[in-house]
$ cat work_10.csv   # CSV, C-alpha atoms and all ligand atoms
chain,number,residue,atom,x,y,z
B,857,MET,CA,-84.9,8.1,-61.2
B,858,THR,CA,-86.4,5.4,-58.9
B,859,GLN,CA,-89.5,5.8,-56.8
B,860,ARG,CA,-87.2,5.8,-53.7
B,861,ASN,CA,-85.3,8.8,-55.0
B,862,ARG,CA,-88.4,10.8,-55.9
B,863,ARG,CA,-89.7,10.2,-52.4
B,864,HIS,CA,-86.5,11.4,-50.7
B,865,GLY,CA,-85.5,14.0,-53.1
B,866,ALA,CA,-81.9,12.7,-53.7
B,867,ALA,CA,-80.1,14.4,-56.6
B,868,PRO,CA,-79.8,12.5,-59.8
B,869,GLY,CA,-76.4,11.0,-60.5
B,870,PRO,CA,-74.6,7.6,-60.9
B,871,ARG,CA,-75.5,6.7,-57.3
B,872,ALA,CA,-79.2,7.7,-57.5
B,873,GLY,CA,-81.3,5.1,-55.6
B,874,THR,CA,-78.4,4.1,-53.3
B,875,THR,CA,-78.0,4.7,-49.6
B,876,ALA,CA,-74.6,5.4,-48.0
B,877,VAL,CA,-73.9,5.5,-44.3
B,878,VAL,CA,-70.8,7.5,-43.2
B,879,THR,CA,-69.6,7.3,-39.6
B,880,GLY,CA,-67.7,10.3,-38.2
B,881,GLY,CA,-69.6,12.2,-40.8
B,882,ALA,CA,-69.7,15.6,-39.1
B,883,ARG,CA,-66.3,16.9,-40.3
B,884,GLY,CA,-63.0,16.1,-42.0
B,885,PHE,CA,-62.9,13.1,-44.2
B,886,GLY,CA,-66.4,12.0,-43.1
B,887,LYS,CA,-68.0,15.3,-44.3
B,888,ALA,CA,-66.0,15.1,-47.5
B,889,PHE,CA,-67.2,11.5,-48.1
B,890,GLY,CA,-70.8,12.4,-47.4
B,891,THR,CA,-70.7,15.4,-49.6
B,892,ALA,CA,-69.1,13.5,-52.5
B,893,LEU,CA,-71.6,10.6,-52.3
B,894,ALA,CA,-74.6,12.9,-52.0
B,895,GLY,CA,-73.2,14.8,-55.0
B,896,GLU,CA,-73.4,11.5,-57.0
B,897,GLY,CA,-77.0,11.1,-56.0
B,898,ALA,CA,-76.8,8.8,-52.9
B,899,ALA,CA,-79.1,9.3,-50.0
B,900,VAL,CA,-76.5,9.9,-47.2
B,901,VAL,CA,-76.8,9.0,-43.6
B,902,LEU,CA,-74.2,10.6,-41.3
B,903,ILE,CA,-73.5,9.3,-37.8
B,904,ASP,CA,-71.3,11.3,-35.4
B,905,ILE,CA,-70.9,11.6,-31.6
B,906,ASP,CA,-71.0,15.4,-32.1
B,907,ALA,CA,-74.8,16.0,-32.4
B,908,ALA,CA,-74.8,19.7,-33.3
B,909,ALA,CA,-72.0,19.3,-35.9
B,910,VAL,CA,-73.6,16.3,-37.7
B,911,GLU,CA,-76.9,18.1,-37.9
B,912,GLN,CA,-75.1,21.1,-39.4
B,913,THR,CA,-73.3,19.0,-42.0
B,914,ALA,CA,-76.5,17.2,-43.0
B,915,THR,CA,-78.1,20.6,-43.4
B,916,ASP,CA,-75.2,21.9,-45.5
B,917,ILE,CA,-75.5,18.9,-47.8
B,918,ARG,CA,-79.2,19.3,-48.2
B,919,HIS,CA,-78.7,23.1,-49.0
B,920,SER,CA,-76.4,22.1,-51.8
B,921,GLY,CA,-79.1,19.8,-53.3
B,922,GLY,CA,-78.1,16.5,-51.8
B,923,SER,CA,-80.1,14.1,-49.6
B,924,ALA,CA,-78.6,13.8,-46.1
B,925,THR,CA,-79.8,12.9,-42.6
B,926,GLY,CA,-77.7,13.3,-39.5
B,927,PHE,CA,-77.8,11.0,-36.5
B,928,ALA,CA,-76.0,11.6,-33.1
B,929,GLY,CA,-74.4,8.4,-31.9
B,930,ASP,CA,-71.3,6.7,-30.6
B,931,VAL,CA,-70.0,4.0,-32.9
B,932,THR,CA,-69.1,1.9,-29.9
B,933,ASP,CA,-72.7,1.8,-28.8
B,934,GLU,CA,-74.1,-1.4,-30.4
B,935,ALA,CA,-77.7,-0.8,-29.5
B,936,ALA,CA,-77.6,2.8,-30.9
B,937,MET,CA,-75.9,1.6,-34.1
B,938,ASN,CA,-78.4,-1.2,-34.6
B,939,ALA,CA,-81.2,1.4,-34.1
B,940,ILE,CA,-79.7,3.9,-36.5
B,941,MET,CA,-78.9,1.4,-39.2
B,942,GLY,CA,-82.4,-0.1,-38.8
B,943,ARG,CA,-84.0,3.3,-39.2
B,944,ALA,CA,-81.9,4.3,-42.2
B,945,ALA,CA,-82.8,1.0,-43.9
B,946,ALA,CA,-86.5,1.4,-43.1
B,947,VAL,CA,-86.5,4.9,-44.6
B,948,HIS,CA,-84.4,4.2,-47.7
B,949,GLY,CA,-85.2,0.5,-48.3
B,950,GLY,CA,-81.7,-0.8,-47.4
B,951,ILE,CA,-78.1,0.2,-47.1
B,952,ASP,CA,-75.7,0.0,-50.1
B,953,ILE,CA,-72.5,1.6,-48.8
B,954,LEU,CA,-71.0,1.9,-45.3
B,955,ILE,CA,-67.9,4.0,-44.7
B,956,ASN,CA,-66.4,3.2,-41.3
B,957,ASN,CA,-64.5,6.5,-40.9
B,958,ALA,CA,-65.1,7.6,-37.2
B,959,GLY,CA,-61.8,7.4,-35.4
B,960,LEU,CA,-59.7,8.9,-32.7
B,961,HIS,CA,-56.4,10.4,-33.9
B,962,SER,CA,-55.8,13.6,-32.1
B,963,ASP,CA,-52.6,14.3,-30.3
B,964,GLU,CA,-54.3,13.1,-27.1
B,965,TYR,CA,-54.7,9.6,-28.6
B,966,SER,CA,-51.3,9.5,-30.4
B,967,LYS,CA,-49.1,9.4,-27.4
B,968,PRO,CA,-47.1,6.3,-26.1
B,969,ILE,CA,-49.2,3.9,-24.2
B,970,ARG,CA,-47.3,4.6,-21.0
B,971,GLU,CA,-48.3,8.2,-21.2
B,972,MET,CA,-52.0,7.5,-22.3
B,973,GLY,CA,-52.5,4.9,-19.7
B,974,PRO,CA,-55.0,1.9,-19.9
B,975,ALA,CA,-58.2,3.9,-19.9
B,976,LYS,CA,-57.3,6.1,-22.9
B,977,THR,CA,-55.7,3.2,-24.7
B,978,ARG,CA,-58.9,1.2,-24.2
B,979,ARG,CA,-61.0,4.0,-25.6
B,980,LEU,CA,-58.7,4.3,-28.6
B,981,PHE,CA,-59.2,0.7,-29.4
B,982,GLU,CA,-62.9,0.8,-28.7
B,983,VAL,CA,-63.6,3.6,-31.1
B,984,ASN,CA,-61.1,2.7,-33.8
B,985,VAL,CA,-61.5,-1.1,-33.8
B,986,VAL,CA,-64.7,-2.1,-31.9
B,987,GLY,CA,-66.5,0.8,-33.6
B,988,VAL,CA,-65.8,-0.7,-37.0
B,989,ILE,CA,-67.1,-4.1,-35.8
B,990,ALA,CA,-70.3,-2.7,-34.2
B,991,CYS,CA,-71.2,-0.6,-37.3
B,992,THR,CA,-70.4,-3.4,-39.7
B,993,LEU,CA,-72.5,-5.9,-37.8
B,994,ALA,CA,-75.3,-3.4,-37.5
B,995,ALA,CA,-75.3,-2.5,-41.2
B,996,GLN,CA,-74.7,-6.0,-42.6
B,997,PRO,CA,-78.3,-7.4,-42.4
B,998,HIS,CA,-79.5,-4.3,-44.4
B,999,MET,CA,-76.8,-4.8,-47.1
B,1000,VAL,CA,-77.1,-8.5,-47.9
B,1001,HIS,CA,-77.3,-9.2,-51.7
B,1002,ARG,CA,-77.8,-5.6,-52.6
B,1003,ALA,CA,-76.2,-4.9,-56.0
B,1004,GLY,CA,-72.8,-3.2,-55.4
B,1005,ALA,CA,-73.0,-3.5,-51.6
B,1006,SER,CA,-69.6,-2.3,-50.3
B,1007,ILE,CA,-67.9,-1.3,-47.1
B,1008,VAL,CA,-64.8,0.9,-46.8
B,1009,ASN,CA,-62.9,1.2,-43.6
B,1010,ILE,CA,-60.5,4.1,-42.9
B,1011,ALA,CA,-57.2,2.8,-41.6
B,1012,SER,CA,-54.0,4.9,-41.7
B,1013,ALA,CA,-50.5,4.9,-43.0
B,1014,ALA,CA,-49.6,4.7,-39.3
B,1015,ALA,CA,-50.8,1.0,-39.5
B,1016,HIS,CA,-47.9,0.1,-41.8
B,1017,LEU,CA,-45.2,2.0,-39.8
B,1018,GLY,CA,-45.7,0.4,-36.4
B,1019,GLY,CA,-44.6,2.1,-33.2
B,1020,THR,CA,-47.8,3.7,-31.9
B,1021,ALA,CA,-51.0,2.4,-30.2
B,1022,TYR,CA,-52.9,4.5,-32.8
B,1023,GLY,CA,-51.0,2.7,-35.6
B,1024,THR,CA,-51.7,-0.7,-34.0
B,1025,SER,CA,-55.4,0.1,-33.8
B,1026,LYS,CA,-55.4,0.9,-37.5
B,1027,LEU,CA,-53.4,-2.3,-38.2
B,1028,ALA,CA,-56.4,-4.0,-36.6
B,1029,VAL,CA,-58.7,-2.1,-39.0
B,1030,ALA,CA,-56.6,-3.4,-42.0
B,1031,GLY,CA,-56.8,-6.9,-40.5
B,1032,LEU,CA,-60.6,-6.7,-39.9
B,1033,THR,CA,-61.0,-5.6,-43.5
B,1034,ILE,CA,-59.7,-9.0,-44.6
B,1035,THR,CA,-61.7,-10.8,-41.9
B,1036,PHE,CA,-65.0,-9.1,-42.9
B,1037,ALA,CA,-64.3,-9.4,-46.6
B,1038,ARG,CA,-64.1,-13.2,-46.1
B,1039,GLU,CA,-67.1,-13.3,-43.7
B,1040,LEU,CA,-69.4,-11.1,-45.8
B,1041,GLY,CA,-68.3,-12.2,-49.3
B,1042,ALA,CA,-71.2,-14.8,-49.3
B,1043,ASP,CA,-73.6,-11.9,-48.7
B,1044,GLY,CA,-72.3,-10.2,-51.8
B,1045,ILE,CA,-70.7,-7.4,-49.8
B,1046,ARG,CA,-67.2,-6.2,-50.7
B,1047,VAL,CA,-65.0,-4.9,-47.8
B,1048,ASN,CA,-61.9,-2.7,-48.4
B,1049,ALA,CA,-59.9,-0.1,-46.6
B,1050,ILE,CA,-58.0,3.0,-47.3
B,1051,SER,CA,-54.8,4.0,-45.4
B,1052,PRO,CA,-54.4,7.7,-45.9
B,1053,GLY,CA,-50.9,9.2,-45.4
B,1054,MET,CA,-50.3,12.8,-44.5
B,1055,ILE,CA,-53.3,14.6,-45.9
B,1056,PHE,CA,-53.3,18.4,-45.7
B,1057,THR,CA,-56.7,18.9,-44.0
B,1058,ASP,CA,-57.3,22.2,-42.1
B,1059,THR,CA,-56.5,20.3,-38.8
B,1060,ILE,CA,-53.2,18.9,-40.1
B,1061,ARG,CA,-52.1,22.3,-41.4
B,1062,ALA,CA,-53.0,24.0,-38.1
B,1063,GLU,CA,-51.9,21.3,-35.6
B,1064,LEU,CA,-49.0,19.3,-37.1
B,1065,PRO,CA,-45.7,21.1,-36.4
B,1066,ASP,CA,-43.8,22.2,-39.5
B,1067,ALA,CA,-40.9,20.0,-38.6
B,1068,VAL,CA,-43.1,16.9,-38.4
B,1069,GLN,CA,-44.7,17.8,-41.8
B,1070,GLN,CA,-41.2,18.1,-43.4
B,1071,ARG,CA,-40.2,14.7,-41.8
B,1072,VAL,CA,-43.2,12.9,-43.0
B,1073,LYS,CA,-43.1,14.5,-46.5
B,1074,ALA,CA,-39.5,13.3,-46.8
B,1075,MET,CA,-40.7,9.7,-46.4
B,1076,GLN,CA,-42.9,10.0,-49.5
B,1077,PHE,CA,-41.7,8.8,-52.9
B,1078,ILE,CA,-43.3,11.8,-54.6
B,1079,ASP,CA,-43.1,15.5,-53.7
B,1080,THR,CA,-46.9,16.0,-53.7
B,1081,ASP,CA,-49.1,17.3,-50.9
B,1082,GLY,CA,-51.9,14.8,-50.1
B,1083,ALA,CA,-55.3,16.4,-50.3
B,1084,GLU,CA,-58.7,15.4,-48.9
B,1085,ALA,CA,-59.8,14.9,-52.6
B,1086,ASP,CA,-57.2,12.1,-53.0
B,1087,VAL,CA,-58.9,10.1,-50.2
B,1088,VAL,CA,-62.4,10.9,-51.5
B,1089,GLU,CA,-61.4,9.6,-55.0
B,1090,ALA,CA,-60.1,6.3,-53.5
B,1091,MET,CA,-63.4,5.9,-51.6
B,1092,LEU,CA,-65.5,6.6,-54.8
B,1093,TYR,CA,-63.4,4.1,-56.7
B,1094,LEU,CA,-63.6,1.3,-54.1
B,1095,THR,CA,-67.3,1.7,-53.6
B,1096,SER,CA,-68.0,1.7,-57.4
B,1097,ASP,CA,-68.6,-1.2,-59.8
B,1098,ARG,CA,-65.2,-0.4,-61.3
B,1099,ALA,CA,-63.8,-2.1,-58.2
B,1100,ARG,CA,-66.3,-5.0,-58.3
B,1101,PHE,CA,-63.5,-7.7,-58.2
B,1102,ILE,CA,-61.6,-6.0,-55.3
B,1103,THR,CA,-62.3,-7.1,-51.8
B,1104,GLY,CA,-60.1,-7.5,-48.6
B,1105,GLU,CA,-57.6,-4.9,-49.8
B,1106,THR,CA,-56.1,-1.8,-48.1
B,1107,LEU,CA,-55.3,0.9,-50.6
B,1108,ARG,CA,-52.5,3.2,-49.4
B,1109,VAL,CA,-53.1,6.8,-50.4
B,1110,THR,CA,-49.8,8.1,-49.1
B,1111,GLY,CA,-47.6,9.4,-52.0
B,1112,GLY,CA,-45.5,6.3,-51.3
B,1113,MET,CA,-45.0,6.9,-47.6
B,1114,ALA,CA,-45.0,3.6,-45.7
B,1115,SER,CA,-45.1,1.6,-49.0
B,1116,GLY,CA,-41.8,-0.1,-48.4
B,1117,THR,CA,-43.0,-1.9,-45.2
I,1,LIG,N1,-56.6,13.4,-41.3
I,1,LIG,C1,-55.6,12.6,-41.7
I,1,LIG,O1,-54.6,13.0,-42.2
I,1,LIG,C2,-55.8,11.1,-41.4
I,1,LIG,C3,-54.7,10.2,-41.9
I,1,LIG,C4,-54.9,8.9,-41.7
I,1,LIG,C5,-56.1,8.4,-41.2
I,1,LIG,N2,-57.1,9.2,-40.8
I,1,LIG,C6,-58.3,8.6,-40.2
I,1,LIG,O2,-59.4,9.1,-41.0
I,1,LIG,C7,-60.6,9.2,-40.1
I,1,LIG,C8,-61.1,10.6,-40.1
I,1,LIG,O3,-60.1,11.5,-39.8
I,1,LIG,P1,-60.4,13.1,-39.8
I,1,LIG,O4,-59.1,13.7,-39.9
I,1,LIG,O5,-61.5,13.4,-40.7
I,1,LIG,O6,-60.8,13.2,-38.3
I,1,LIG,P2,-61.7,14.3,-37.5
I,1,LIG,O7,-61.2,14.2,-36.1
I,1,LIG,O8,-61.6,15.6,-38.2
I,1,LIG,O9,-63.2,13.7,-37.6
I,1,LIG,C9,-63.5,12.5,-37.0
I,1,LIG,C10,-65.0,12.6,-36.7
I,1,LIG,O10,-65.4,11.4,-36.0
I,1,LIG,C11,-66.2,11.7,-34.9
I,1,LIG,N3,-66.1,10.7,-33.9
I,1,LIG,C12,-65.1,10.5,-33.0
I,1,LIG,N4,-65.4,9.5,-32.1
I,1,LIG,C13,-66.6,9.0,-32.5
I,1,LIG,C14,-67.4,8.0,-31.9
I,1,LIG,N5,-67.1,7.3,-30.9
I,1,LIG,N6,-68.6,7.8,-32.5
I,1,LIG,C15,-69.0,8.6,-33.6
I,1,LIG,N7,-68.3,9.6,-34.1
I,1,LIG,C16,-67.1,9.8,-33.6
I,1,LIG,C17,-65.7,13.1,-34.4
I,1,LIG,O11,-66.7,13.7,-33.7
I,1,LIG,C18,-65.4,13.7,-35.8
I,1,LIG,O12,-66.5,14.4,-36.3
I,1,LIG,C19,-60.1,8.7,-38.7
I,1,LIG,O13,-60.4,7.3,-38.6
I,1,LIG,C20,-58.6,8.9,-38.8
I,1,LIG,O14,-57.9,8.1,-37.9
I,1,LIG,C21,-57.0,10.6,-40.9
$ encode --input "work_10.csv" --output "C-alpha cells" --more "lines below"
Ligand SMILES: NC(=O)c1ccc[n+]([C@@H]2O[C@H](COP(=O)([O-])OP(=O)(O)OC[C@H]3O[C@@H](n4cnc5c(N)ncnc54)[C@H](O)[C@@H]3O)[C@@H](O)[C@H]2O)c1
Amino acid sequence: MTQRNRRHGAAPGPRAGTTAVVTGGARGFGKAFGTALAGEGAAVVLIDIDAAAVEQTATDIRHSGGSATGFAGDVTDEAAMNAIMGRAAAVHGGIDILINNAGLHSDEYSKPIREMGPAKTRRLFEVNVVGVIACTLAAQPHMVHRAGASIVNIASAAAHLGGTAYGTSKLAVAGLTITFARELGADGIRVNAISPGMIFTDTIRAELPDAVQQRVKAMQFIDTDGAEADVVEAMLYLTSDRARFITGETLRVTGGMASGT
C-alpha cells in the first residue's frame, strides 16, 4: 500500500493509490461507479449539484470501508470545476480517472425541442455537452502522464437512434470522446465512452411506462434486462490496463439495441 493510501485510508485493492473523480456521483450510475471504484481501492471524489445527496453517498461509501469525498458543484461552472479538481489533486497527489457521468435525461429534458423551448434545450446541451468539456479541461492538468490515466464519458443509446435533442446531446458526447482522445493522447490519457441502453435502474422501473419498456426491449438482439452492474463492468474495463490500447471508442451496452445504426 502506498504512502498516499495509508494517509487517506483507502481500501486495499487493484486500484489502491489511484484517485477517481465521478460527476453526477450522488445517485444512479454515478453512485454505482463511485462505489465500485472505491471497492477496488481508489480514493473517490464525487461531484454533484445535489449537495445533501452527494454528501450522503460519500458517507455511505466511507461506511462500507472505501475512501470518498463529496463536493457540491454544477459541472457547467468552469471555475467551480477547476477549484474542485485542483483540491482533489492537491489532497490525493493527482487524478487518474475521470467519469463524466452527470447528465440531464428526465422526462422534462426528453421532449421535442418545440415543447422544451430554447431555454431548456440550452440547459440540456450545457449540462450534457459543455459539462463534459468543462470537467475534462479542469481535470486534464492533474492527469497528464499518470500511468493508466483514463476518462470515460457516459453517452446513451439514444445518441445512435437520432430523433431527440437528448440523443443529439449524447451524440455530441460520443463525438467529443474522439476529439478529446486525439487531443489528450499525447498526455497519455485515454478517453472512451459508454452508451447505455435501457438499464433497469429504480428510476426506469418506476418512471418508464410498461409499453415503452416493451417497445425498447423488442429493439434488443437479446432478451436480457440491462442492469446497473452491466454499465459498471464496462466502466471498470475501460478504465483498467486491460483496455490500454483502446481510446476514442464508444462502447454500447445495450443488448444490441441501436447496434444496427
Ligand atoms: N439510466 C439510464 O438508463 C441511462 C441510459 C443511458 C444514459 N444514461 C446517462 O447516464 C448518466 C447518469 O444517469 P442516471 O440514470 O444515473 O441519472 P440520475 O438522474 O439518476 O443521476 C444523475 C446525477 O447527476 C446530477 N446532476 C445533474 N445535473 C448536474 C449538474 N449540472 N452538475 C452536477 N451534477 C448534476 C444529478 O443531481 C444526479 O445526482 C446520465 O448522463 C444519463 O444521461 C442513463
$ closest_residue --input "work_10.csv" --among "B:Ala1021, B:Ala882, B:Leu1027, B:Ala1005" --to "Ile953 in chain B" --atoms "only C-alpha atoms"
B:Ala1005
$ residues_near_ligand --input "work_10.csv" --ligand "ligand LIG 1 (chain I)" --cutoff "7 Å" --atoms "all atoms listed in the file" --output "PyMOL selection string"
chain B and resi 879-886+903-906+929-932+957-962+983-984+1010-1013+1051-1057+1059-1060
$ atom_distance --input "work_10.csv" --atom1 "CA of Ala1114 in chain B" --atom2 "CA of Thr992 in chain B"
27.0 Å
$ residues_around --input "work_10.csv" --residues "Pro997 in chain B" --least-positions-apart "5" --cutoff "10 Å" --atoms "only C-alpha atoms" --output "MDAnalysis selection string"
chainID B and resid 938 941:942 945 950:951 992 1043
$ closest_atom_pairs --input "work_10.csv" --of "range 866-900 of chain B" --to "range 1086-1091 of chain B" --cutoff "10 Å" --atoms "all atoms listed in the file" --output "Markdown table"
| residue | atom | partner | partner_atom | distance |
| --- | --- | --- | --- | --- |
| B:Phe885 | CA | B:Val1088 | CA | 7.6 |
| B:Gly886 | CA | B:Val1088 | CA | 9.4 |
| B:Ala888 | CA | B:Val1088 | CA | 6.8 |
| B:Phe889 | CA | B:Val1088 | CA | 5.9 |
| B:Gly890 | CA | B:Val1088 | CA | 9.5 |
| B:Thr891 | CA | B:Val1088 | CA | 9.6 |
| B:Ala892 | CA | B:Val1088 | CA | 7.3 |
| B:Leu893 | CA | B:Val1088 | CA | 9.2 |
$ atom_distance --input "work_10.csv" --atom1 "CA of Thr1106 in chain B" --atom2 "CA of Gly897 in chain B"
25.8 Å
$ residues_around --input "work_10.csv" --residues "Ile1078 in chain B" --least-positions-apart "6" --cutoff "10 Å" --atoms "only C-alpha atoms" --output "PyMOL selection string"
chain B and resi 1110-1113
$ atom_distance --input "work_10.csv" --atom1 "CA of Gly1031 in chain B" --atom2 "CA of Ala939 in chain B"
26.6 Å
$ residues_around --input "work_10.csv" --residues "Arg1100 in chain B" --least-positions-apart "2" --cutoff "12 Å" --atoms "all atoms listed in the file" --output "PyMOL selection string"
chain B and resi 1003-1007+1041+1044-1048+1093-1098+1102-1104
$ closest_residue --input "work_10.csv" --among "B:Arg1071, B:Ala1042, B:Tyr1022, B:Ala909" --to "Met972 in chain B" --atoms "only C-alpha atoms"
B:Tyr1022
$ residues_near_point --input "work_10.csv" --point "(-53.5, 0.4, -34.7)" --cutoff "9 Å" --atoms "only C-alpha atoms" --output "list in words"
Leu980, Phe981, Asn984, Val985, Ala1011, Ser1012, Ala1014, Ala1015, Gly1018, Thr1020, Ala1021, Tyr1022, Gly1023, Thr1024, Ser1025, Lys1026, Leu1027, Ala1028, Val1029 and Ala1030 of chain B
$ write_last_selection --input "work_10.csv" --atoms "C-alpha atoms" --output "CSV table (one decimal), in the frame of the given file"
chain,number,residue,atom,x,y,z
B,980,LEU,CA,-58.7,4.3,-28.6
B,981,PHE,CA,-59.2,0.7,-29.4
B,984,ASN,CA,-61.1,2.7,-33.8
B,985,VAL,CA,-61.5,-1.1,-33.8
B,1011,ALA,CA,-57.2,2.8,-41.6
B,1012,SER,CA,-54.0,4.9,-41.7
B,1014,ALA,CA,-49.6,4.7,-39.3
B,1015,ALA,CA,-50.8,1.0,-39.5
B,1018,GLY,CA,-45.7,0.4,-36.4
B,1020,THR,CA,-47.8,3.7,-31.9
B,1021,ALA,CA,-51.0,2.4,-30.2
B,1022,TYR,CA,-52.9,4.5,-32.8
B,1023,GLY,CA,-51.0,2.7,-35.6
B,1024,THR,CA,-51.7,-0.7,-34.0
B,1025,SER,CA,-55.4,0.1,-33.8
B,1026,LYS,CA,-55.4,0.9,-37.5
B,1027,LEU,CA,-53.4,-2.3,-38.2
B,1028,ALA,CA,-56.4,-4.0,-36.6
B,1029,VAL,CA,-58.7,-2.1,-39.0
B,1030,ALA,CA,-56.6,-3.4,-42.0
